[in-house]
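Enquirer: Got a structure for you, written out below as structure tokens; questions coming shortly.
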Amino acid sequence: MVTLSLVLLLLSVQWSWAQEDPLLPFSEYLDPELKVRLKWGFDEIQGTILFQLTVSTSGWVGFGFSPKGGMTGADMVIGGVGPKGSYFTDRHAGGNSMPVVDEQQNYKLLSLTESNGKTVMKFQRSISSCDDKDLPITDLPMKLIYAYGQTDDITYHSAQRGTKELNLLKYMPRVNPPNSNFFDITMVNFTVPAKQTYYHCKIMKAPTFDRKKHIYRIEPVITNFDLVHHLLLYRCPPSVTEPFEEECYTGIDGECMETVAVWGIGGGAFEFPEVAGLPIGGNVGDFFYRLEVHFNNPNKISGRVDNSGLRFYYTSELRQHDAAVLMTGLAITPGYAIPPKAKSFLTYGLCDTAYIPEVLETPTDLQVFSAMLHTHLAGRKVRVGHFRGGKQIDLLAADENYDFEYQEVTNLGKTKTAKLGDKLLVECTYNTENRSTLTWGGLSTSNEMCLAFLFYYPAMNLSTCVSFPNVTSLGYAMGATDAGSWLNMMLTKTWNDTSIDQYQQTLKRIDQLVWVMNSNNNGLYNKGTLPDLKVIPSAPCISGSANKSLALSLLLLCLAVQWKSF
């Protein structure tokens, strides 16, 4: 009997896992009785958002957006499965009366089913508004409204209605799973040097657990918000066996390069999707970890004591997948220069996933669900292009208005699959119009970076997938005979629109050194070329179908006298 129970439990867990839809990663109940559940996902690149509304009723259901939480000015859909089939309409309301059918139907019904006392309505619309009756979906909290009836006669809903405020495009869940706790990894009474830029590293062990746990939430613990620019936590390879604390990249800390967690200025807490968590303990191994804190201290303040770091919430209730973070983009290596006086200078970092099988025994496709994009002060835009079979298929992530003071891990809106063999191209746009000298790639805030940290599952023992221009090819292409003459050429060149464009085109045309590294710092180098990245235009306004039956629409309008308030 016990064995049978365990088998049934396992099957139920597998069934629940099987129901997860990567296009609908977010979920909230809209009512206190847990009868109205909204799932959604979005694609800001395409400009579309997908909804699935599940309501415990066999009657009509309504869902929409309201400026103030009531009927006036609301944009909504009403649908259900009646005796003559399904019905679904895009509507708007002017007050406490029957919502009027829009002349332009901008919600597209994908499926509508009724079973076991539940109605499930799946539909899609554009994120922006497509007519003056639609409300645009913004990255600010919005008031969502719902109502439903017990039959398909769309009459007054009584108490079967409600409002809930959610930020659909910047959604960050807050769950409290059973058997959960937290631990901190922080600096301890560290005195910040009076230097403009300083990276401090501390190698230590995380708490040990006999059985594997899943980290489901990461929060910043910041002592000096005016000095701490970003935090990184890396997992060290087995070769690192001793604690260490010193300025970064001056000792063994350089061996710890597998990113586990990341936080940037302006960011907040990050929570993993319900299907994945960061593994720690058990068979994951007893590793050391490196905490890296970047202090940006332009006024060279002295005497500040700092205890900044990260807080990790974990649970023994394991999720379906182990999650991990992959660093992609332009390698942080000496020799990369951005010219001054540039309005819009582009740099590129290439990750060719075709090389991952050469450093891992059991590689898999990457299911990417979140990303953190990172440059320094000159950065203006960051895009991550996704290529398959030599053609661009998507922008994996993009920030068209990058702000150095506001960096956070953002959900992609849906899980995107990067298949082995795909190429991921990180493009960064810089503005150096106010600079008179070269800006070099490097660690300092006044230097530059071009990185994308990709959060994905299932986890692989993989740390880095980056590229760097072949400096030998670059020197030859520019007419330099050696590194010294190339450096002199860069320092003495007159930089104007023409010379900046020529240099940028040369950087993009030459071959790149692409390297992939696993968790044990074993990697390989290959040559590659940069594909052409294009901006994918947003999808046109979605056109849904009006009611299949004009007679049914007229019938619904005739019932307006029975409608009192939404």
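Each chain in the structure tokens gets a letter, A, B, ..., in the order shown, and its residues are numbered from 1; ligands are numbered from 1 in order too.
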Would you pick out the contacts of Gly329 (chain A) at 10 Å or less, using only C-alpha atoms, so that residues sharing its chain but fewer than 2 positions from it are not included, and give the list as number ranges by chain?
Expert: A: 327, 331-332, 347-351, 373-374, 384, 424-428, 449-453, 464-468
Enquirer: Taking C-alpha atoms for each residue, export the selection above as a PDB file, in the first residue's frame.
Expert:
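Produced file part_5.pdb, reproduced below:
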ATOM      1  CA  MET A 327      27.806  34.621 -18.408  1.00  0.00           C
ATOM      2  CA  ALA A 331      35.235  38.904 -22.515  1.00  0.00           C
ATOM      3  CA  ILE A 332      36.704  41.252 -19.905  1.00  0.00           C
ATOM      4  CA  THR A 347      30.469  46.298 -29.440  1.00  0.00           C
ATOM      5  CA  TYR A 348      29.701  42.589 -29.669  1.00  0.00           C
ATOM      6  CA  GLY A 349      30.220  39.399 -27.700  1.00  0.00           C
ATOM      7  CA  LEU A 350      29.397  36.030 -29.258  1.00  0.00           C
ATOM      8  CA  CYS A 351      28.359  32.803 -27.531  1.00  0.00           C
ATOM      9  CA  LEU A 373      22.235  43.014 -18.892  1.00  0.00           C
ATOM     10  CA  HIS A 374      25.326  44.922 -17.832  1.00  0.00           C
ATOM     11  CA  VAL A 384      20.900  39.759 -27.070  1.00  0.00           C
ATOM     12  CA  LEU A 424      23.740  34.277 -28.929  1.00  0.00           C
ATOM     13  CA  LEU A 425      25.100  37.711 -29.819  1.00  0.00           C
ATOM     14  CA  VAL A 426      25.317  40.393 -27.127  1.00  0.00           C
ATOM     15  CA  GLU A 427      25.332  43.886 -28.654  1.00  0.00           C
ATOM     16  CA  CYS A 428      26.058  46.969 -26.539  1.00  0.00           C
ATOM     17  CA  MET A 449      31.773  45.997 -20.115  1.00  0.00           C
ATOM     18  CA  CYS A 450      29.241  44.276 -22.377  1.00  0.00           C
ATOM     19  CA  LEU A 451      27.697  41.286 -20.610  1.00  0.00           C
ATOM     20  CA  ALA A 452      24.453  39.344 -20.393  1.00  0.00           C
ATOM     21  CA  PHE A 453      23.920  36.974 -17.473  1.00  0.00           C
ATOM     22  CA  THR A 464      31.237  31.168 -19.480  1.00  0.00           C
ATOM     23  CA  CYS A 465      30.463  31.543 -23.185  1.00  0.00           C
ATOM     24  CA  VAL A 466      32.071  34.742 -24.485  1.00  0.00           C
ATOM     25  CA  SER A 467      34.201  36.161 -27.274  1.00  0.00           C
ATOM     26  CA  PHE A 468      36.853  38.790 -27.985  1.00  0.00           C
TER      27      PHE A 468
END
Enquirer: Which residues of region 264-382 of chain A have any atom within 12 Å of an atom in region 490-496 of chain A when counting only C-alpha atoms, and what is the closest pair of atoms for each, with the distance in Å to one decimal? Order the rows by chain and rising number and write it as CSV.
Expert:
residue,atom,partner,partner_atom,distance
A:Gly335,CA,A:Met490,CA,10.8
A:Tyr336,CA,A:Met490,CA,10.7
A:Ala337,CA,A:Met490,CA,8.4
A:Ile338,CA,A:Met490,CA,9.8
A:Pro339,CA,A:Trp495,CA,6.9
A:Pro340,CA,A:Trp495,CA,6.8
A:Lys341,CA,A:Asn496,CA,6.9
A:Ala342,CA,A:Asn496,CA,7.8
A:Lys343,CA,A:Asn496,CA,10.2
A:Phe345,CA,A:Asn496,CA,11.9
Enquirer: Go ahead and compute the interatomic distance for CA of Lys118 (chain A) and CA of Arg37 (chain A), in Å to one decimal.
Expert: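 Answer for the CA of Lys118 (chain A) to CA of Arg37 (chain A) separation: 10.8 Å.
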Enquirer: I want to know what sits within 6 Å of region 261-267 of chain A, based on only C-alpha atoms, with residues of the same chain fewer than 6 positions away left out; could you give that as number ranges by chain?
Expert: A: 229-233, 405-408
Enquirer: With all heavy atoms kept, could you save the residues just selected as a PDB file, in the first residue's frame?
Expert:
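See out_28.pdb below for the written result:
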ATOM      1  N   HIS A 229      28.038  49.100  -6.009  1.00  0.00           N
ATOM      2  CA  HIS A 229      27.539  49.168  -7.383  1.00  0.00           C
ATOM      3  C   HIS A 229      26.927  47.849  -7.820  1.00  0.00           C
ATOM      4  O   HIS A 229      25.842  47.813  -8.401  1.00  0.00           O
ATOM      5  CB  HIS A 229      28.664  49.555  -8.343  1.00  0.00           C
ATOM      6  CG  HIS A 229      28.226  49.528  -9.774  1.00  0.00           C
ATOM      7  ND1 HIS A 229      28.470  48.459 -10.606  1.00  0.00           N
ATOM      8  CD2 HIS A 229      27.537  50.431 -10.510  1.00  0.00           C
ATOM      9  CE1 HIS A 229      27.959  48.704 -11.802  1.00  0.00           C
ATOM     10  NE2 HIS A 229      27.392  49.888 -11.761  1.00  0.00           N
ATOM     11  N   HIS A 230      27.621  46.745  -7.605  1.00  0.00           N
ATOM     12  CA  HIS A 230      27.020  45.448  -7.900  1.00  0.00           C
ATOM     13  C   HIS A 230      27.677  44.348  -7.087  1.00  0.00           C
ATOM     14  O   HIS A 230      28.774  44.515  -6.536  1.00  0.00           O
ATOM     15  CB  HIS A 230      27.058  45.132  -9.402  1.00  0.00           C
ATOM     16  CG  HIS A 230      28.419  44.849  -9.964  1.00  0.00           C
ATOM     17  ND1 HIS A 230      29.086  45.714 -10.791  1.00  0.00           N
ATOM     18  CD2 HIS A 230      29.244  43.771  -9.834  1.00  0.00           C
ATOM     19  CE1 HIS A 230      30.248  45.196 -11.139  1.00  0.00           C
ATOM     20  NE2 HIS A 230      30.366  44.017 -10.560  1.00  0.00           N
ATOM     21  N   LEU A 231      26.968  43.221  -7.005  1.00  0.00           N
ATOM     22  CA  LEU A 231      27.430  42.035  -6.281  1.00  0.00           C
ATOM     23  C   LEU A 231      27.374  40.844  -7.217  1.00  0.00           C
ATOM     24  O   LEU A 231      26.444  40.709  -8.021  1.00  0.00           O
ATOM     25  CB  LEU A 231      26.515  41.738  -5.082  1.00  0.00           C
ATOM     26  CG  LEU A 231      26.246  42.841  -4.055  1.00  0.00           C
ATOM     27  CD1 LEU A 231      25.122  42.400  -3.128  1.00  0.00           C
ATOM     28  CD2 LEU A 231      27.495  43.117  -3.241  1.00  0.00           C
ATOM     29  N   LEU A 232      28.359  39.979  -7.090  1.00  0.00           N
ATOM     30  CA  LEU A 232      28.355  38.713  -7.824  1.00  0.00           C
ATOM     31  C   LEU A 232      28.768  37.597  -6.875  1.00  0.00           C
ATOM     32  O   LEU A 232      29.683  37.773  -6.053  1.00  0.00           O
ATOM     33  CB  LEU A 232      29.324  38.763  -9.009  1.00  0.00           C
ATOM     34  CG  LEU A 232      28.854  39.516 -10.261  1.00  0.00           C
ATOM     35  CD1 LEU A 232      30.036  39.845 -11.158  1.00  0.00           C
ATOM     36  CD2 LEU A 232      27.841  38.688 -11.026  1.00  0.00           C
ATOM     37  N   LEU A 233      28.101  36.467  -6.988  1.00  0.00           N
ATOM     38  CA  LEU A 233      28.520  35.280  -6.249  1.00  0.00           C
ATOM     39  C   LEU A 233      28.885  34.206  -7.258  1.00  0.00           C
ATOM     40  O   LEU A 233      28.089  33.876  -8.143  1.00  0.00           O
ATOM     41  CB  LEU A 233      27.410  34.774  -5.323  1.00  0.00           C
ATOM     42  CG  LEU A 233      27.836  33.617  -4.415  1.00  0.00           C
ATOM     43  CD1 LEU A 233      28.810  34.105  -3.337  1.00  0.00           C
ATOM     44  CD2 LEU A 233      26.634  32.939  -3.769  1.00  0.00           C
ATOM     45  N   GLU A 405      22.191  53.358 -13.463  1.00  0.00           N
ATOM     46  CA  GLU A 405      21.732  53.446 -12.080  1.00  0.00           C
ATOM     47  C   GLU A 405      20.581  52.502 -11.778  1.00  0.00           C
ATOM     48  O   GLU A 405      20.070  52.487 -10.656  1.00  0.00           O
ATOM     49  CB  GLU A 405      21.300  54.885 -11.763  1.00  0.00           C
ATOM     50  CG  GLU A 405      22.406  55.921 -11.923  1.00  0.00           C
ATOM     51  CD  GLU A 405      23.542  55.729 -10.932  1.00  0.00           C
ATOM     52  OE1 GLU A 405      23.301  55.129  -9.871  1.00  0.00           O
ATOM     53  OE2 GLU A 405      24.672  56.172 -11.225  1.00  0.00           O
ATOM     54  N   TYR A 406      20.144  51.742 -12.780  1.00  0.00           N
ATOM     55  CA  TYR A 406      19.015  50.843 -12.556  1.00  0.00           C
ATOM     56  C   TYR A 406      19.276  49.529 -13.288  1.00  0.00           C
ATOM     57  O   TYR A 406      18.945  49.370 -14.452  1.00  0.00           O
ATOM     58  CB  TYR A 406      17.715  51.488 -13.032  1.00  0.00           C
ATOM     59  CG  TYR A 406      16.481  50.718 -12.628  1.00  0.00           C
ATOM     60  CD1 TYR A 406      16.013  50.761 -11.328  1.00  0.00           C
ATOM     61  CD2 TYR A 406      15.798  49.935 -13.551  1.00  0.00           C
ATOM     62  CE1 TYR A 406      14.883  50.057 -10.951  1.00  0.00           C
ATOM     63  CE2 TYR A 406      14.672  49.226 -13.184  1.00  0.00           C
ATOM     64  CZ  TYR A 406      14.215  49.287 -11.885  1.00  0.00           C
ATOM     65  OH  TYR A 406      13.106  48.574 -11.514  1.00  0.00           O
ATOM     66  N   GLN A 407      19.884  48.595 -12.585  1.00  0.00           N
ATOM     67  CA  GLN A 407      20.231  47.300 -13.167  1.00  0.00           C
ATOM     68  C   GLN A 407      19.587  46.197 -12.330  1.00  0.00           C
ATOM     69  O   GLN A 407      19.766  46.156 -11.121  1.00  0.00           O
ATOM     70  CB  GLN A 407      21.742  47.118 -13.194  1.00  0.00           C
ATOM     71  CG  GLN A 407      22.478  48.221 -13.945  1.00  0.00           C
ATOM     72  CD  GLN A 407      23.978  47.995 -13.990  1.00  0.00           C
ATOM     73  OE1 GLN A 407      24.449  46.892 -14.188  1.00  0.00           O
ATOM     74  NE2 GLN A 407      24.736  49.062 -13.799  1.00  0.00           N
ATOM     75  N   GLU A 408      18.859  45.330 -12.980  1.00  0.00           N
ATOM     76  CA  GLU A 408      18.191  44.265 -12.251  1.00  0.00           C
ATOM     77  C   GLU A 408      18.045  43.033 -13.129  1.00  0.00           C
ATOM     78  O   GLU A 408      18.132  43.109 -14.358  1.00  0.00           O
ATOM     79  CB  GLU A 408      16.812  44.717 -11.769  1.00  0.00           C
ATOM     80  CG  GLU A 408      15.850  45.047 -12.891  1.00  0.00           C
ATOM     81  CD  GLU A 408      14.467  45.398 -12.387  1.00  0.00           C
ATOM     82  OE1 GLU A 408      14.198  45.159 -11.200  1.00  0.00           O
ATOM     83  OE2 GLU A 408      13.650  45.905 -13.182  1.00  0.00           O
TER      84      GLU A 408
END
Enquirer: Extract, using only C-alpha atoms, all DNA, RNA and protein residues at most 7 Å from Gly413 (chain A), discarding same-chain residues fewer than 2 positions from it, and format them as number ranges by chain.
Expert: A: 41-43, 411
Enquirer: Could you write out, as a PyMOL selection string, all the residues of region 314-561 of chain A that DSSP marks as strand (DSSP E)?
Expert: chain A and resi 314-315+321-322+324-330+337-338+345-352+366-374+379-388+391-399+410-418+423-430+439-440+451-457+462-469+512-518+523-528
Enquirer: Using only C-alpha atoms, which of the listed residues (A:Thr481, A:Thr328, A:Gln504, A:Gln160) sits closest to Ser344 (chain A)?
Expert: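 Of A:Thr481, A:Thr328, A:Gln504, A:Gln160, the one nearest Ser344 (chain A), counting only C-alpha atoms, is A:Gln504.
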